Structure formats: structure tokens, C-alpha cells
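J.: One structure coming up, written as C-alpha cells, with questions to follow.
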Amino acid sequence: MSSTDAAPGERARFFGFVIAAGLVALFFLMPLVWSLANSFKPAADALANPAALFSRAFSLENYRRLEGVGAGWTSYATNSVLLALGTVVITVLVSVPAGYGFSKFRFPGQTALFVAIMATMMIPFQSILTPLFLIMKLLRLQNSLFGLVLIYVTFQLPFSIFMMRNAFDAVPRALIEAARIDGASQWTILRRIMLPIALPGVATVAMFAFLNSWNEFLAALIFLSDQNKFTLPIMLVNVSSGIYGIIDWGALQAGITVSMAPCIALFLLLQRYYVRGLTAGAVK
């Protein structure tokens, strides 16, 4: 087959791939578009025909109705932001030096300790709810946002340490040796040399910590009893249950839009680091 015959076939395969990718993207984007469109419908239209994508009227009524749910969506959003940011900060501060230590240092029991940390990822959260609840009550951290942050960090750290160890493994040891010859301390090496190179790994860890804590529902429901400390996922459950089982579709879609907006914005902001962070250490 000549090159002139192969070129049309290559173009056809390329356009076929583009069309298939577009259909797949549309399939995943439609629920987001549907939620966004329904959130701006008048409440009556959203309740009468929730399956319809658009309405002839544009309204912010559904977002105003969210303020009447419990303490109001702004209070719940503030709690979710504080929880997510606290989880991100503590997770990064702990996992970065831990991953650096496992990657660049050798000490007795290193492998056993790393395996033990990774083994905690296999423990279902639901199986330790009772002892966790008793421990939090003993420490007087029950019904506390800070206590909930510590729980989120505990379950986020194994994956984060694994990610940071892989990220630091991809950094040549020769850079560290050169910095030591120049008289740099370990903290200076970590802060000035290793962190800028391993930034995609740090961004990936931060993004996973934010998304997991932002969307978490079960722990927030169990360990928080004060309505003023509830998070957005709990608010969405209250909206979806409704009065006498009647779902307020407009308010529910408005709540979903409020909940997903920070996640989408964060992913778009860090997407260039995301793939690089996940593949860090795969090829040395």
C-alpha cells in the first residue's frame, strides 16, 4: 500500500478517535451540565419537570432557598473549606518529610515500617468507627472540626507518603550529594532542591487530600452532632430527604453545583501537575 493510500486511512482513524472521545466526554459532562442548568430554574419548574434541561426563566431562587436549609449553605461551605484546607496543610507537612525519609535515607526496619503504613490502607473505615468514636470522645475531640481533620489526615497519610516517596525516588541522588558538598543541611536540601523538583507530587497529594475531605460524608455525620458544624455533603442529604419525602430538586441541584464548583476549579488549576505527579518514579 502506498503512502497516498495510507494517508486517508490515517485521517479517518484520527477523526473516528476524535468523535469517539467527544461522545465519551459528552457522556461524562451531561450530568454536570444538567445539575448546573436545573440549579438556575425557578423552583416550580424544577419540581414540575426535573428531567428537562432548560427552562424559559432564569432564577437564583434555588440558591436563596439553600440558606433556609439548617444553618444555611454558607455556614456549611465554610466548615467544608476549613476541613479541606486543614487536611491539605497537615497532610502535606507530614507526608513530604516522611516520603523524603523513606526515599533517601536507610534505617533499621525501614521496609517493615513502610509496609505497615501501606497496610493501613486495607483497613475499612467502617470497621473501626466504634474505637475511633471512643478515642475521640476520650480526647474531647468529638463534635470538633479539628478532630475530624485529624481523622481525615490519618486515612490520607498512607497514600500521600507512598506518592511522595515515588516522587522523591525520581530525583537523582547526585543532586543531593552535590548539595551536601556545598554544605547544605538536610532541611535546606529538602526545601531548596527536592521540593521544587517534586512539586507535581506535592500538588497531587494536596488535590487528593482536598477532594477526599471535601466529599467525605460518613465521618462528618458520625463525629459531628452540632448542626452549625455540619458540612456540605450532610446538607445535601438533608435537602434530598425533603419534607414528607418530597425532594426539592431545584435546591438539591443548586447544592450540588455549589459542592462541585471548588473541585472542578481545583482540578483545572492543578491538572498539569496531576498526571506528572501520579507517574513520578515510574521511570528513573
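Naming works like this for the C-alpha cells: A, B, ... for the chains as they're shown, residue 1 at the start of each chain, ligands 1 onward in shown order.
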Which residues come within 9 Å of Val69 of chain A, counting only C-alpha atoms, excluding same-chain residues fewer than 3 positions away, as a PyMOL selection string?

T.: chain A and resi 65-66+72-73+235+238-239

J.: Would you put the residues from that selection into a file with N, CA and C atoms, as a PDB file, in the first residue's frame?

T.:
```
ATOM      1  N   ARG A  65     -32.943  29.528  48.475  1.00  0.00           N
ATOM      2  CA  ARG A  65     -33.619  28.524  49.305  1.00  0.00           C
ATOM      3  C   ARG A  65     -32.625  27.700  50.111  1.00  0.00           C
ATOM      4  N   LEU A  66     -31.389  27.573  49.623  1.00  0.00           N
ATOM      5  CA  LEU A  66     -30.382  26.829  50.377  1.00  0.00           C
ATOM      6  C   LEU A  66     -30.062  27.490  51.712  1.00  0.00           C
ATOM      7  N   GLY A  72     -27.847  27.150  56.925  1.00  0.00           N
ATOM      8  CA  GLY A  72     -27.564  27.875  55.690  1.00  0.00           C
ATOM      9  C   GLY A  72     -26.330  27.326  54.993  1.00  0.00           C
ATOM     10  N   TRP A  73     -26.359  27.361  53.650  1.00  0.00           N
ATOM     11  CA  TRP A  73     -25.289  26.718  52.896  1.00  0.00           C
ATOM     12  C   TRP A  73     -23.950  27.436  53.070  1.00  0.00           C
ATOM     13  N   MET A 235     -25.508  18.571  54.283  1.00  0.00           N
ATOM     14  CA  MET A 235     -26.567  19.464  53.832  1.00  0.00           C
ATOM     15  C   MET A 235     -27.297  18.874  52.627  1.00  0.00           C
ATOM     16  N   ASN A 238     -29.765  16.320  53.690  1.00  0.00           N
ATOM     17  CA  ASN A 238     -30.955  16.947  54.279  1.00  0.00           C
ATOM     18  C   ASN A 238     -31.870  17.521  53.200  1.00  0.00           C
ATOM     19  N   VAL A 239     -31.268  18.098  52.151  1.00  0.00           N
ATOM     20  CA  VAL A 239     -32.079  18.653  51.067  1.00  0.00           C
ATOM     21  C   VAL A 239     -32.758  17.535  50.285  1.00  0.00           C
TER      22      VAL A 239
END
```

J.: Got a sec to tell me which of segment 95-191 of chain A DSSP assigns to helix (DSSP H, G or I), as a short mmCIF file (atom, residue, chain, number, x, y, z; two decimals) with N, CA and C atoms, in the first residue's frame?

T.:
```cif
data_model
loop_
_atom_site.label_atom_id
_atom_site.label_comp_id
_atom_site.auth_asym_id
_atom_site.auth_seq_id
_atom_site.Cartn_x
_atom_site.Cartn_y
_atom_site.Cartn_z
N SER A 95 3.52 14.30 55.09
CA SER A 95 3.88 13.33 54.06
C SER A 95 5.14 13.71 53.30
N VAL A 96 5.42 15.01 53.14
CA VAL A 96 6.63 15.41 52.39
C VAL A 96 7.90 14.97 53.10
N PRO A 97 8.14 15.32 54.37
CA PRO A 97 9.36 14.81 55.02
C PRO A 97 9.36 13.30 55.20
N ALA A 98 8.17 12.71 55.41
CA ALA A 98 8.11 11.25 55.56
C ALA A 98 8.49 10.56 54.25
N GLY A 99 7.94 11.03 53.14
CA GLY A 99 8.30 10.46 51.84
C GLY A 99 9.76 10.66 51.51
N TYR A 100 10.30 11.82 51.87
CA TYR A 100 11.73 12.09 51.65
C TYR A 100 12.60 11.16 52.47
N GLY A 101 12.20 10.91 53.71
CA GLY A 101 12.97 10.00 54.56
C GLY A 101 12.96 8.58 54.04
N PHE A 102 11.80 8.10 53.61
CA PHE A 102 11.72 6.73 53.08
C PHE A 102 12.46 6.60 51.76
N SER A 103 12.57 7.68 51.01
CA SER A 103 13.21 7.62 49.70
C SER A 103 14.73 7.73 49.76
N LYS A 104 15.24 8.64 50.57
CA LYS A 104 16.66 8.98 50.51
C LYS A 104 17.47 8.55 51.73
N GLN A 110 13.18 -0.11 58.04
CA GLN A 110 12.56 0.81 57.09
C GLN A 110 11.48 0.13 56.26
N THR A 111 11.82 -1.02 55.69
CA THR A 111 10.86 -1.73 54.84
C THR A 111 9.64 -2.17 55.63
N ALA A 112 9.88 -2.69 56.84
CA ALA A 112 8.76 -3.16 57.67
C ALA A 112 7.84 -2.00 58.05
N LEU A 113 8.44 -0.86 58.37
CA LEU A 113 7.63 0.31 58.73
C LEU A 113 6.81 0.80 57.55
N PHE A 114 7.44 0.82 56.36
CA PHE A 114 6.71 1.29 55.18
C PHE A 114 5.58 0.34 54.83
N VAL A 115 5.83 -0.97 54.94
CA VAL A 115 4.77 -1.95 54.66
C VAL A 115 3.64 -1.81 55.67
N ALA A 116 3.98 -1.54 56.93
CA ALA A 116 2.94 -1.36 57.95
C ALA A 116 2.08 -0.15 57.65
N ILE A 117 2.71 0.93 57.20
CA ILE A 117 1.94 2.13 56.85
C ILE A 117 1.03 1.85 55.67
N MET A 118 1.54 1.16 54.65
CA MET A 118 0.73 0.85 53.48
C MET A 118 -0.40 -0.13 53.83
N ALA A 119 -0.16 -1.01 54.81
CA ALA A 119 -1.18 -2.00 55.19
C ALA A 119 -2.41 -1.34 55.78
N THR A 120 -2.25 -0.16 56.37
CA THR A 120 -3.42 0.52 56.94
C THR A 120 -4.42 0.93 55.87
N MET A 121 -3.98 0.99 54.61
CA MET A 121 -4.91 1.34 53.53
C MET A 121 -5.94 0.24 53.31
N MET A 122 -5.65 -0.98 53.78
CA MET A 122 -6.55 -2.11 53.58
C MET A 122 -7.59 -2.23 54.69
N PHE A 125 -12.73 1.75 56.77
CA PHE A 125 -13.02 2.79 57.75
C PHE A 125 -14.19 2.40 58.64
N GLN A 126 -15.19 1.75 58.05
CA GLN A 126 -16.39 1.40 58.81
C GLN A 126 -16.09 0.41 59.94
N SER A 127 -15.04 -0.39 59.78
CA SER A 127 -14.74 -1.42 60.79
C SER A 127 -14.14 -0.85 62.06
N ILE A 128 -13.64 0.37 62.04
CA ILE A 128 -13.01 0.95 63.23
C ILE A 128 -13.76 2.20 63.69
N LEU A 129 -14.99 2.34 63.29
CA LEU A 129 -15.76 3.51 63.70
C LEU A 129 -15.95 3.57 65.22
N THR A 130 -16.28 2.42 65.80
CA THR A 130 -16.54 2.40 67.25
C THR A 130 -15.30 2.77 68.06
N PRO A 131 -14.14 2.11 67.85
CA PRO A 131 -12.95 2.55 68.62
C PRO A 131 -12.54 3.99 68.32
N LEU A 132 -12.71 4.43 67.08
CA LEU A 132 -12.39 5.82 66.76
C LEU A 132 -13.30 6.79 67.53
N PHE A 133 -14.56 6.44 67.61
CA PHE A 133 -15.51 7.29 68.32
C PHE A 133 -15.15 7.37 69.80
N LEU A 134 -14.76 6.24 70.39
CA LEU A 134 -14.39 6.22 71.81
C LEU A 134 -13.11 7.01 72.05
N ILE A 135 -12.14 6.89 71.13
CA ILE A 135 -10.90 7.65 71.27
C ILE A 135 -11.15 9.15 71.16
N MET A 136 -11.95 9.55 70.20
CA MET A 136 -12.24 10.97 70.02
C MET A 136 -13.01 11.52 71.23
N LYS A 137 -13.88 10.70 71.79
CA LYS A 137 -14.62 11.14 72.99
C LYS A 137 -13.67 11.27 74.17
N LEU A 138 -12.71 10.34 74.30
CA LEU A 138 -11.74 10.40 75.40
C LEU A 138 -10.86 11.63 75.28
N LEU A 145 -14.28 20.20 64.59
CA LEU A 145 -13.74 20.21 63.23
C LEU A 145 -12.27 19.80 63.22
N PHE A 146 -11.52 20.20 64.24
CA PHE A 146 -10.11 19.82 64.31
C PHE A 146 -9.97 18.31 64.48
N GLY A 147 -10.81 17.71 65.32
CA GLY A 147 -10.78 16.26 65.47
C GLY A 147 -11.10 15.55 64.17
N LEU A 148 -12.04 16.08 63.41
CA LEU A 148 -12.39 15.49 62.12
C LEU A 148 -11.23 15.63 61.14
N VAL A 149 -10.51 16.76 61.19
CA VAL A 149 -9.33 16.94 60.35
C VAL A 149 -8.29 15.87 60.66
N LEU A 150 -8.08 15.57 61.94
CA LEU A 150 -7.10 14.55 62.31
C LEU A 150 -7.50 13.17 61.78
N ILE A 151 -8.78 12.88 61.78
CA ILE A 151 -9.24 11.60 61.22
C ILE A 151 -8.99 11.55 59.72
N TYR A 152 -9.32 12.62 59.03
CA TYR A 152 -9.09 12.66 57.58
C TYR A 152 -7.59 12.52 57.26
N VAL A 153 -6.75 13.21 58.02
CA VAL A 153 -5.31 13.14 57.79
C VAL A 153 -4.80 11.72 58.02
N THR A 154 -5.29 11.07 59.05
CA THR A 154 -4.84 9.71 59.37
C THR A 154 -5.08 8.76 58.21
N PHE A 155 -6.24 8.87 57.59
CA PHE A 155 -6.56 7.95 56.50
C PHE A 155 -5.99 8.42 55.17
N GLN A 156 -5.56 9.66 55.08
CA GLN A 156 -4.97 10.17 53.85
C GLN A 156 -3.46 9.96 53.80
N LEU A 157 -2.81 9.85 54.96
CA LEU A 157 -1.35 9.80 55.01
C LEU A 157 -0.73 8.59 54.30
N PRO A 158 -1.24 7.36 54.44
CA PRO A 158 -0.57 6.24 53.76
C PRO A 158 -0.41 6.46 52.26
N PHE A 159 -1.48 6.85 51.58
CA PHE A 159 -1.40 7.11 50.15
C PHE A 159 -0.46 8.28 49.86
N SER A 160 -0.52 9.33 50.69
CA SER A 160 0.30 10.52 50.46
C SER A 160 1.78 10.21 50.64
N ILE A 161 2.13 9.43 51.66
CA ILE A 161 3.53 9.06 51.87
C ILE A 161 4.02 8.21 50.70
N PHE A 162 3.19 7.31 50.23
CA PHE A 162 3.55 6.49 49.07
C PHE A 162 3.80 7.36 47.84
N MET A 163 2.93 8.34 47.61
CA MET A 163 3.10 9.23 46.47
C MET A 163 4.38 10.05 46.59
N MET A 164 4.66 10.59 47.77
CA MET A 164 5.84 11.43 47.93
C MET A 164 7.12 10.60 47.85
N ARG A 165 7.10 9.37 48.33
CA ARG A 165 8.30 8.54 48.18
C ARG A 165 8.60 8.28 46.72
N ASN A 166 7.57 8.00 45.92
CA ASN A 166 7.77 7.80 44.49
C ASN A 166 8.28 9.07 43.81
N ALA A 167 7.74 10.22 44.24
CA ALA A 167 8.18 11.48 43.65
C ALA A 167 9.65 11.76 43.95
N PHE A 168 10.08 11.51 45.17
CA PHE A 168 11.48 11.74 45.54
C PHE A 168 12.40 10.68 44.94
N ASP A 169 11.90 9.47 44.72
CA ASP A 169 12.71 8.43 44.08
C ASP A 169 13.13 8.84 42.68
N ARG A 173 20.10 11.05 42.99
CA ARG A 173 20.83 11.22 44.24
C ARG A 173 22.04 12.13 44.07
N ALA A 174 22.52 12.27 42.84
CA ALA A 174 23.69 13.13 42.60
C ALA A 174 23.41 14.57 42.99
N LEU A 175 22.15 15.03 42.86
CA LEU A 175 21.81 16.39 43.27
C LEU A 175 21.99 16.57 44.77
N ILE A 176 21.60 15.56 45.53
CA ILE A 176 21.74 15.63 46.98
C ILE A 176 23.21 15.63 47.38
N GLU A 177 23.99 14.77 46.74
CA GLU A 177 25.42 14.71 47.05
C GLU A 177 26.11 16.02 46.72
N ALA A 178 25.74 16.65 45.61
CA ALA A 178 26.34 17.93 45.25
C ALA A 178 25.97 19.01 46.27
N ALA A 179 24.73 18.99 46.76
CA ALA A 179 24.32 19.98 47.75
C ALA A 179 25.04 19.75 49.07
N ARG A 180 25.26 18.49 49.44
CA ARG A 180 25.99 18.21 50.68
C ARG A 180 27.43 18.70 50.58
N ILE A 181 28.05 18.54 49.43
CA ILE A 181 29.42 19.02 49.25
C ILE A 181 29.48 20.54 49.42
N GLN A 186 20.16 19.02 55.59
CA GLN A 186 19.10 18.18 55.03
C GLN A 186 17.82 18.98 54.79
N TRP A 187 17.48 19.88 55.70
CA TRP A 187 16.27 20.68 55.52
C TRP A 187 16.43 21.66 54.37
N THR A 188 17.64 22.17 54.19
CA THR A 188 17.88 23.06 53.05
C THR A 188 17.77 22.30 51.74
N ILE A 189 18.31 21.08 51.72
CA ILE A 189 18.21 20.24 50.52
C ILE A 189 16.75 19.95 50.19
N LEU A 190 15.98 19.60 51.24
CA LEU A 190 14.58 19.28 51.02
C LEU A 190 13.80 20.50 50.54
N ARG A 191 14.06 21.65 51.14
CA ARG A 191 13.27 22.85 50.84
C ARG A 191 13.70 23.52 49.54
#
```

J.: Can you tell me how far atom CA of Thr78 of chain A sits from atom CA of Val237 of chain A, in Å to one decimal?

T.: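 Atom-to-atom, atom CA of Thr78 of chain A to atom CA of Val237 of chain A, that is 17.4 Å.
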
J.: Any idea what's packed within 10 Å of segment 51-60 of chain A, counting only C-alpha atoms, ignoring anything in its chain fewer than 3 positions away? Could you give it as a CSV table (one decimal) with C-alpha atoms, in the first residue's frame?

T.:
```csv
chain,number,residue,atom,x,y,z
A,30,MET,CA,-24.0,15.8,30.8
A,33,VAL,CA,-24.5,20.4,32.7
A,34,TRP,CA,-27.9,19.1,33.9
A,35,SER,CA,-27.2,20.0,37.5
A,36,LEU,CA,-26.0,23.4,36.6
A,37,ALA,CA,-29.0,24.1,34.3
A,38,ASN,CA,-31.5,22.9,36.9
A,39,SER,CA,-30.0,25.0,39.6
A,40,PHE,CA,-31.0,28.2,37.7
A,41,LYS,CA,-34.6,27.1,37.1
A,42,PRO,CA,-37.4,28.5,39.1
A,43,ALA,CA,-38.3,26.2,42.0
A,45,ASP,CA,-40.2,24.4,37.1
A,46,ALA,CA,-37.5,22.2,38.7
A,47,LEU,CA,-40.1,20.4,40.8
A,48,ALA,CA,-42.6,20.0,37.9
A,63,TYR,CA,-29.6,29.3,45.8
A,64,ARG,CA,-31.6,31.5,48.1
A,65,ARG,CA,-33.6,28.5,49.3
A,249,TRP,CA,-35.0,19.3,43.0
A,250,GLY,CA,-34.0,22.9,42.4
A,251,ALA,CA,-32.4,23.4,45.8
A,254,ALA,CA,-28.1,24.2,43.5
```

J.: What's the 10 Å shell around Ala220 of chain A, counting only C-alpha atoms, without same-chain residues fewer than 4 positions away, as a ChimeraX atom specification?

T.: /A:80,143-145,148-149,151-152,213,215-216,224-225,229-234

J.: Atom CA of Leu252 of chain A and atom CA of Phe223 of chain A, how far apart in Å?

T.: 23.9 Å

J.: Using atom CA of Thr74 of chain A and atom CA of Trp214 of chain A as the two end points, give the distance in Å to one decimal.

T.: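 Those two atoms sit 14.5 Å apart.
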